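Below is model.txt, holding compact mmCIF, C-alpha atoms and all ligand atoms.
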```
# COMPACT_ATOMS: atom_id res chain seq x y z
CA MET A 1 167.73 93.79 -105.27
CA ALA A 2 166.70 94.81 -108.75
CA GLU A 3 163.11 94.83 -107.50
CA LYS A 4 164.02 97.48 -104.90
CA LYS A 5 165.66 99.79 -107.42
CA SER A 6 162.82 99.56 -109.86
CA ARG A 7 159.60 101.19 -108.72
CA LYS A 8 157.74 100.84 -111.95
CA SER A 9 154.09 99.90 -112.10
CA SER A 10 153.38 96.24 -112.78
CA SER A 11 152.04 97.03 -116.26
CA GLN A 12 155.24 98.88 -117.17
CA LYS A 13 157.29 95.93 -115.98
CA ALA A 14 155.14 93.54 -117.93
CA GLN A 15 155.92 95.46 -121.08
CA GLN A 16 159.65 95.23 -120.45
CA SER A 17 160.15 91.59 -119.75
CA PRO A 18 158.08 88.44 -119.76
CA LYS A 19 157.33 87.33 -116.20
CA LYS A 20 156.56 83.95 -114.84
CA GLY A 21 152.86 83.34 -115.03
CA PHE A 22 152.44 85.90 -117.80
CA PRO A 23 151.03 84.20 -120.91
CA ALA A 24 154.18 83.25 -122.82
CA ASP A 25 152.44 83.27 -126.17
CA LEU A 26 152.06 87.05 -126.00
CA TRP A 27 155.81 87.63 -126.06
CA LEU A 28 158.87 86.45 -127.82
CA LYS A 29 162.54 87.24 -127.74
CA CYS A 30 164.38 88.64 -130.76
CA PRO A 31 167.11 86.11 -131.58
CA LYS A 32 169.38 88.88 -132.91
CA CYS A 33 169.21 91.67 -130.32
CA GLY A 34 167.65 89.78 -127.42
CA GLU A 35 164.87 92.36 -126.89
CA THR A 36 161.52 91.06 -125.71
CA LEU A 37 158.86 91.75 -128.30
CA PHE A 38 155.10 91.94 -127.90
CA LYS A 39 153.71 89.61 -130.57
CA LYS A 40 150.83 91.89 -131.56
CA GLU A 41 153.22 94.78 -132.03
CA LEU A 42 155.55 92.54 -134.06
CA GLY A 43 152.59 91.55 -136.24
CA ARG A 44 151.76 95.20 -136.90
CA ASN A 45 155.39 95.71 -137.90
CA PHE A 46 155.22 92.86 -140.50
CA GLY A 47 157.30 90.52 -138.32
CA ILE A 48 160.33 92.86 -138.23
CA CYS A 49 162.03 93.62 -134.89
CA GLU A 50 161.66 97.34 -134.20
CA HIS A 51 165.02 97.42 -132.37
CA CYS A 52 167.37 95.75 -134.82
CA ASN A 53 165.33 95.06 -138.01
CA TYR A 54 165.63 91.29 -137.57
CA ARG A 55 163.14 89.62 -139.89
CA PHE A 56 161.13 86.83 -138.39
CA LYS A 57 160.00 84.20 -140.86
CA LEU A 58 156.33 84.62 -141.67
CA SER A 59 153.89 81.76 -142.10
CA SER A 60 152.03 81.25 -145.35
CA ASN A 61 148.86 82.44 -143.58
CA GLU A 62 150.50 85.68 -142.49
CA ARG A 63 151.81 86.23 -146.02
CA ILE A 64 148.43 85.62 -147.59
CA GLU A 65 146.78 88.03 -145.16
CA MET A 66 149.47 90.58 -145.89
CA LEU A 67 149.16 90.35 -149.68
CA ALA A 68 145.63 89.44 -150.73
CA ASP A 69 142.56 91.68 -150.55
CA GLU A 70 140.79 90.81 -147.32
CA ALA A 71 139.19 87.35 -147.22
CA THR A 72 139.53 86.80 -150.99
CA PHE A 73 141.99 83.87 -150.97
CA LYS A 74 140.26 80.69 -152.16
CA GLU A 75 142.56 77.76 -151.72
CA ILE A 76 142.83 75.04 -154.37
CA ASP A 77 144.32 71.55 -154.06
CA ALA A 78 144.43 71.80 -150.27
CA ASP A 79 143.75 68.08 -150.07
CA LEU A 80 146.87 67.05 -152.00
CA THR A 81 149.12 65.31 -149.50
CA PRO A 82 152.48 63.61 -149.96
CA VAL A 83 153.06 59.87 -150.01
CA ASP A 84 156.30 58.04 -149.34
CA PRO A 85 157.18 56.22 -152.57
CA LEU A 86 160.77 55.49 -151.54
CA ALA A 87 159.90 54.30 -147.98
CA PHE A 88 162.54 56.79 -146.90
CA VAL A 89 164.00 56.82 -143.40
CA ASP A 90 166.43 59.42 -142.06
CA ARG A 91 166.33 60.12 -138.33
CA LEU A 92 162.60 59.50 -138.64
CA LYS A 93 160.48 57.65 -141.14
CA TYR A 94 159.34 60.15 -143.78
CA THR A 95 155.71 59.24 -143.05
CA ASP A 96 156.22 60.02 -139.34
CA ARG A 97 158.03 63.26 -140.14
CA LEU A 98 155.14 64.31 -142.35
CA LYS A 99 152.57 63.47 -139.71
CA GLN A 100 154.52 65.39 -137.07
CA VAL A 101 154.94 68.53 -139.15
CA GLN A 102 151.33 68.44 -140.35
CA GLU A 103 150.12 68.31 -136.75
CA LYS A 104 152.51 71.04 -135.63
CA THR A 105 151.81 73.50 -138.44
CA GLY A 106 148.25 72.65 -139.44
CA LEU A 107 149.52 72.63 -143.04
CA THR A 108 149.31 69.72 -145.47
CA GLU A 109 152.36 70.75 -147.50
CA ALA A 110 155.04 73.44 -147.89
CA ILE A 111 153.00 75.59 -150.28
CA ARG A 112 149.45 76.88 -150.27
CA THR A 113 147.96 77.81 -153.62
CA GLY A 114 144.75 79.51 -154.62
CA ILE A 115 142.96 82.29 -156.40
CA ALA A 116 142.81 85.67 -154.72
CA ARG A 117 142.24 89.31 -155.47
CA MET A 118 144.95 91.92 -155.12
CA GLY A 119 144.02 95.55 -155.50
CA GLY A 120 140.95 94.30 -157.36
CA HIS A 121 142.92 92.09 -159.80
CA ASP A 122 142.26 88.35 -159.86
CA VAL A 123 145.55 86.52 -159.37
CA ALA A 124 146.74 82.95 -158.92
CA LEU A 125 148.73 83.05 -155.69
CA GLY A 126 151.14 80.48 -154.25
CA VAL A 127 152.83 81.00 -150.89
CA MET A 128 155.48 78.68 -149.51
CA ASP A 129 155.91 77.99 -145.81
CA PHE A 130 159.35 77.42 -144.29
CA GLN A 131 157.86 75.72 -141.21
CA PHE A 132 156.98 72.71 -143.32
CA ILE A 133 160.26 70.73 -143.63
CA GLY A 134 162.20 73.88 -144.49
CA GLY A 135 159.83 74.80 -147.30
CA SER A 136 161.25 71.89 -149.26
CA MET A 137 159.87 71.02 -152.69
CA GLY A 138 158.63 67.47 -152.99
CA SER A 139 156.26 66.07 -155.58
CA VAL A 140 153.20 67.71 -154.00
CA VAL A 141 154.77 71.18 -153.96
CA GLY A 142 155.76 70.73 -157.61
CA GLU A 143 152.30 69.44 -158.50
CA LYS A 144 150.55 72.31 -156.69
CA VAL A 145 152.74 74.88 -158.47
CA THR A 146 152.02 73.16 -161.79
CA ARG A 147 148.26 73.08 -161.18
CA LEU A 148 148.33 76.72 -160.10
CA PHE A 149 149.83 77.70 -163.46
CA GLU A 150 147.36 75.43 -165.29
CA THR A 151 144.45 77.11 -163.46
CA ALA A 152 145.97 80.49 -164.30
CA MET A 153 146.14 79.53 -167.99
CA GLU A 154 142.49 78.43 -167.98
CA LYS A 155 141.40 81.67 -166.35
CA LYS A 156 144.05 83.85 -168.09
CA LEU A 157 145.45 85.07 -164.79
CA PRO A 158 148.83 86.34 -163.64
CA VAL A 159 150.68 84.12 -161.15
CA LEU A 160 152.46 85.33 -158.04
CA ILE A 161 154.59 82.90 -156.05
CA VAL A 162 156.14 83.81 -152.73
CA SER A 163 159.04 81.42 -152.24
CA THR A 164 161.01 80.41 -149.22
CA SER A 165 162.76 77.07 -149.32
CA GLY A 166 165.87 75.12 -148.50
CA GLY A 167 165.50 73.32 -151.85
CA ALA A 168 164.30 69.96 -153.08
CA ARG A 169 162.98 67.49 -150.51
CA MET A 170 165.65 64.86 -149.93
CA GLN A 171 163.15 62.32 -148.65
CA GLU A 172 161.60 62.11 -152.13
CA GLY A 173 164.90 61.82 -154.00
CA ILE A 174 164.71 62.07 -157.77
CA LEU A 175 160.94 62.63 -157.63
CA SER A 176 161.68 66.01 -156.00
CA LEU A 177 164.25 66.94 -158.61
CA MET A 178 161.80 66.13 -161.42
CA GLN A 179 159.58 68.94 -160.13
CA MET A 180 162.17 71.45 -161.31
CA ALA A 181 161.67 70.53 -164.97
CA LYS A 182 157.92 70.06 -164.57
CA THR A 183 157.30 73.49 -163.01
CA ASN A 184 159.55 75.22 -165.54
CA ALA A 185 157.70 73.59 -168.44
CA VAL A 186 154.31 74.81 -167.24
CA ILE A 187 155.72 78.29 -166.56
CA ALA A 188 156.99 78.39 -170.16
CA ALA A 189 153.49 77.48 -171.42
CA HIS A 190 151.94 80.21 -169.22
CA ASP A 191 154.55 82.66 -170.55
CA GLU A 192 153.77 81.74 -174.17
CA MET A 193 150.20 82.85 -173.54
CA GLY A 194 151.60 86.28 -172.67
CA LEU A 195 150.60 85.96 -169.02
CA LEU A 196 152.52 87.56 -166.18
CA PHE A 197 154.51 85.70 -163.53
CA LEU A 198 155.93 87.59 -160.55
CA SER A 199 158.34 85.65 -158.35
CA ILE A 200 158.87 86.96 -154.85
CA CYS A 201 161.80 85.50 -152.91
CA MET A 202 161.93 85.54 -149.14
CA ASP A 203 164.74 84.47 -146.82
CA PRO A 204 166.02 81.90 -147.68
CA THR A 205 165.25 80.78 -151.25
CA MET A 206 167.76 78.13 -152.20
CA ALA A 207 168.75 75.16 -154.33
CA GLY A 208 166.04 73.32 -156.32
CA VAL A 209 163.43 76.04 -155.84
CA MET A 210 165.83 78.86 -156.72
CA ALA A 211 167.07 76.84 -159.69
CA SER A 212 163.53 76.36 -161.00
CA TYR A 213 160.42 78.52 -160.60
CA ALA A 214 161.72 81.09 -158.06
CA SER A 215 164.29 82.59 -160.41
CA ILE A 216 162.34 82.79 -163.66
CA GLY A 217 159.65 85.35 -162.93
CA ASP A 218 159.01 88.04 -165.54
CA LEU A 219 160.13 90.09 -162.57
CA ASN A 220 162.08 88.61 -159.69
CA ILE A 221 161.40 90.50 -156.50
CA ALA A 222 163.07 89.86 -153.15
CA GLU A 223 163.05 90.94 -149.56
CA PRO A 224 166.09 92.87 -148.26
CA GLY A 225 168.89 90.70 -146.92
CA ALA A 226 167.38 87.41 -148.07
CA LEU A 227 169.74 84.54 -148.87
CA MET A 228 169.23 83.35 -152.44
CA GLY A 229 171.27 80.80 -154.30
CA PHE A 230 171.88 77.21 -155.30
CA ALA A 231 174.46 75.75 -152.92
CA GLY A 232 174.77 77.68 -149.65
CA PRO A 233 177.72 79.99 -148.92
CA ARG A 234 179.27 77.59 -146.40
CA VAL A 235 179.32 74.73 -148.90
CA ILE A 236 180.78 76.97 -151.64
CA LYS A 237 183.43 78.35 -149.30
CA GLU A 238 184.49 74.86 -148.24
CA THR A 239 184.55 73.61 -151.83
CA ILE A 240 186.52 76.40 -153.48
CA ARG A 241 188.56 77.19 -150.33
CA GLN A 242 188.32 80.93 -150.85
CA GLU A 243 186.85 83.78 -148.85
CA LEU A 244 183.55 84.84 -150.35
CA PRO A 245 182.83 88.49 -151.08
CA GLU A 246 180.88 90.56 -148.55
CA GLY A 247 177.13 90.04 -148.81
CA PHE A 248 177.55 87.00 -151.09
CA GLN A 249 174.17 85.55 -152.19
CA ARG A 250 172.23 88.21 -150.31
CA THR A 251 169.49 90.08 -152.15
CA GLU A 252 171.51 93.27 -152.65
CA PHE A 253 174.44 91.31 -154.14
CA MET A 254 171.98 89.54 -156.46
CA LEU A 255 170.38 92.83 -157.55
CA GLU A 256 173.77 94.26 -158.58
CA ARG A 257 174.39 91.15 -160.70
CA GLY A 258 171.01 91.13 -162.39
CA PHE A 259 169.42 88.11 -160.70
CA VAL A 260 166.92 90.28 -158.83
CA ASP A 261 164.92 93.11 -160.41
CA LEU A 262 163.49 94.76 -157.34
CA ILE A 263 164.14 94.70 -153.60
CA CYS A 264 161.07 95.45 -151.57
CA GLU A 265 160.40 95.87 -147.84
CA ARG A 266 157.56 93.82 -146.38
CA ALA A 267 155.58 96.92 -145.49
CA GLU A 268 155.56 98.05 -149.13
CA LEU A 269 155.29 94.70 -150.86
CA ARG A 270 151.53 94.55 -151.36
CA GLU A 271 151.39 98.13 -152.64
CA LYS A 272 154.30 97.55 -155.07
CA LEU A 273 152.83 94.30 -156.39
CA ILE A 274 149.48 95.96 -157.01
CA LEU A 275 151.25 98.78 -158.83
CA LEU A 276 153.00 96.19 -161.05
CA LEU A 277 149.68 94.41 -161.71
CA ASP A 278 148.11 97.79 -162.62
CA LEU A 279 150.99 98.46 -165.03
CA PHE A 280 151.14 95.03 -166.68
CA LEU A 281 147.47 94.07 -166.87
CA LYS A 282 144.64 95.50 -168.85
CA PRO A 283 142.63 98.10 -166.97
CA LYS A 284 140.12 96.51 -164.60
CA GLY A 285 136.70 95.78 -166.08
CA LYS A 286 137.77 96.19 -169.72
ZN ZN B 301 165.86 92.59 -132.55
```

What is this structure when it is put down as C-alpha cells?
Ligand SMILES: [Zn+2]
Amino acid sequence: MAEKKSRKSSSQKAQQSPKKGFPADLWLKCPKCGETLFKKELGRNFGICEHCNYRFKLSSNERIEMLADEATFKEIDADLTPVDPLAFVDRLKYTDRLKQVQEKTGLTEAIRTGIARMGGHDVALGVMDFQFIGGSMGSVVGEKVTRLFETAMEKKLPVLIVSTSGGARMQEGILSLMQMAKTNAVIAAHDEMGLLFLSICMDPTMAGVMASYASIGDLNIAEPGALMGFAGPRVIKETIRQELPEGFQRTEFMLERGFVDLICERAELREKLILLLDLFLKPKGK
C-alpha cells in the first residue's frame, strides 16, 4: 500500500531507507533518532547525526585522520601485544577475548601511539579506541603511553592523548592499576622538562584512565556531552542513594567545576589544537 502512495524514483527511495539487497555497509541507523544515515555523509559530518546531533564513537583511525596532517602519522610500538599473566577467565578466556577483538577490529591494543605532524608541528600522538575491550587500560596501554612520553622527552615534543575508556582492564587485575602510577610518573618527568601535554577526553572517559593520564593535561579538553568521571553515575546514585544533579559528570558540568578547560566540537578540534600548539610552542623553524 505504501508503495502505491509513494511515486518517488528508486534513487530517492534508496536515500530514504535501506532496502533489501542494497549494500548494508553504506547505511546505518541512528540509535537516538532512528533516522537512516548514509555512512559517507556521516563521515563528512565527523560522525555526528545531522538530525539529532548523536555522536557516534569514532575509531582510532578516524581520529588520527581527523587530527594529524595528512599521512604523517608514524606508529610506534604497534607490535606490543598483551599477555595473560593471571590466566584470567570471565565469560571467555582472556586470551580468547583478545584474539576475538584483535580479529574484529584489526587493532593490537586499545591505544595507537606514534609521531605525527599537526599544523606543521611535530607531536607525539596517542589515540585510544573504545572498540577494543571498551578502551580499557591494561599493561600494554600503560606501557605504550609511557613509551610515548619517553619518546617525546627524547625528541622534546608535546604529547597529545585522545582518551576514551571504561577504565582499567579487569582481566589484568593489579597489573592494570599499576599503569596509573606508571603513566603519571612519566608525565611528571615530561612536565619537568617544560614540555606540553594536551589531554583530549571523548565519550566516555572513566575510572582508571580518568584518574590517571586523562585528567592531568596542561590543558584538559573534552567533547560536548562526554561522560567523564571515576565511578559511573549509576554506581554513585546507588551507593549514596540520592538523586544526582542534572548533567552530572558530563563535560559541561565538569567545565563549570574546573575539571575541564575547554569544550570543543569535533569539527573544530584539529583547528583549536593547532592554535594551542602555535601559542605554546616556539615558532616553527626557530
Ligand atoms: Zn540521530

Enumerate as an mmCIF file with C-alpha atoms, in the frame of the given file the residues within 8 Å of ligand ZN 301 (chain B), counting all atoms listed in the file.
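selection_11.cif, written as the output of this step:
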```
data_model
loop_
_atom_site.group_PDB
_atom_site.id
_atom_site.type_symbol
_atom_site.label_atom_id
_atom_site.label_comp_id
_atom_site.auth_asym_id
_atom_site.auth_seq_id
_atom_site.Cartn_x
_atom_site.Cartn_y
_atom_site.Cartn_z
ATOM 1 C CA LYS A 29 162.540 87.240 -127.740
ATOM 2 C CA CYS A 30 164.380 88.640 -130.760
ATOM 3 C CA PRO A 31 167.110 86.110 -131.580
ATOM 4 C CA LYS A 32 169.380 88.880 -132.910
ATOM 5 C CA CYS A 33 169.210 91.670 -130.320
ATOM 6 C CA GLY A 34 167.650 89.780 -127.420
ATOM 7 C CA GLU A 35 164.870 92.360 -126.890
ATOM 8 C CA ILE A 48 160.330 92.860 -138.230
ATOM 9 C CA CYS A 49 162.030 93.620 -134.890
ATOM 10 C CA GLU A 50 161.660 97.340 -134.200
ATOM 11 C CA HIS A 51 165.020 97.420 -132.370
ATOM 12 C CA CYS A 52 167.370 95.750 -134.820
ATOM 13 C CA ASN A 53 165.330 95.060 -138.010
ATOM 14 C CA TYR A 54 165.630 91.290 -137.570
#
```

Name all residues at most 7 Å from stretch 194-198 of chain A (count all atoms listed in the file; drop same-chain ones fewer than 3 positions away) and give them as a list in words. Lys156, Leu157, Pro158, Val159, Leu160, Ile161, His190, Asp191, Gly217, Asp218, Leu219 and Asn220 of chain A

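With distances taken over only C-alpha atoms, A:Arg112 is the one residue among A:Arg112, A:Lys99, A:Arg63, A:Lys93 lying closest to A:Val141.
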
Would you give me, as JSON lines, each residue of stretch 111-138 of chain A having an atom within 8 Å of an atom of stretch 73-83 of chain A, along with its shortest atom pair and that distance in Å to one decimal, using only C-alpha atoms and sorting by chain and residue number?
```
{"residue": "A:Arg112", "atom": "CA", "partner": "A:Glu75", "partner_atom": "CA", "distance": 7.1}
{"residue": "A:Thr113", "atom": "CA", "partner": "A:Glu75", "partner_atom": "CA", "distance": 5.7}
{"residue": "A:Gly114", "atom": "CA", "partner": "A:Glu75", "partner_atom": "CA", "distance": 4.0}
{"residue": "A:Ile115", "atom": "CA", "partner": "A:Lys74", "partner_atom": "CA", "distance": 5.3}
{"residue": "A:Ala116", "atom": "CA", "partner": "A:Phe73", "partner_atom": "CA", "distance": 4.2}
{"residue": "A:Arg117", "atom": "CA", "partner": "A:Phe73", "partner_atom": "CA", "distance": 7.1}
{"residue": "A:Gly138", "atom": "CA", "partner": "A:Pro82", "partner_atom": "CA", "distance": 7.9}
```

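Nearest residue to A:Ala211 among A:Gly247, A:Pro224, A:Gly135, A:Gly166 is A:Gly166, counting all atoms listed in the file.
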
Of the residues A:Met193, A:Ile274, A:Met206, A:Ala222, which is the one nearest to A:Met137, using all atoms listed in the file?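 Among the listed residues, the smallest separation from A:Met137 belongs to A:Met206.
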
Measure the distance from atom CA of A:Arg241 to atom CA of A:Met228 in Å and round it to one decimal.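 Atom-to-atom, atom CA of A:Arg241 and atom CA of A:Met228 are spaced 20.4 Å apart.
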
Point-to-point distance from atom CA of A:Ala124 to atom CA of A:Met180, Å rounded to tenths: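 A separation of 19.4 Å between them.
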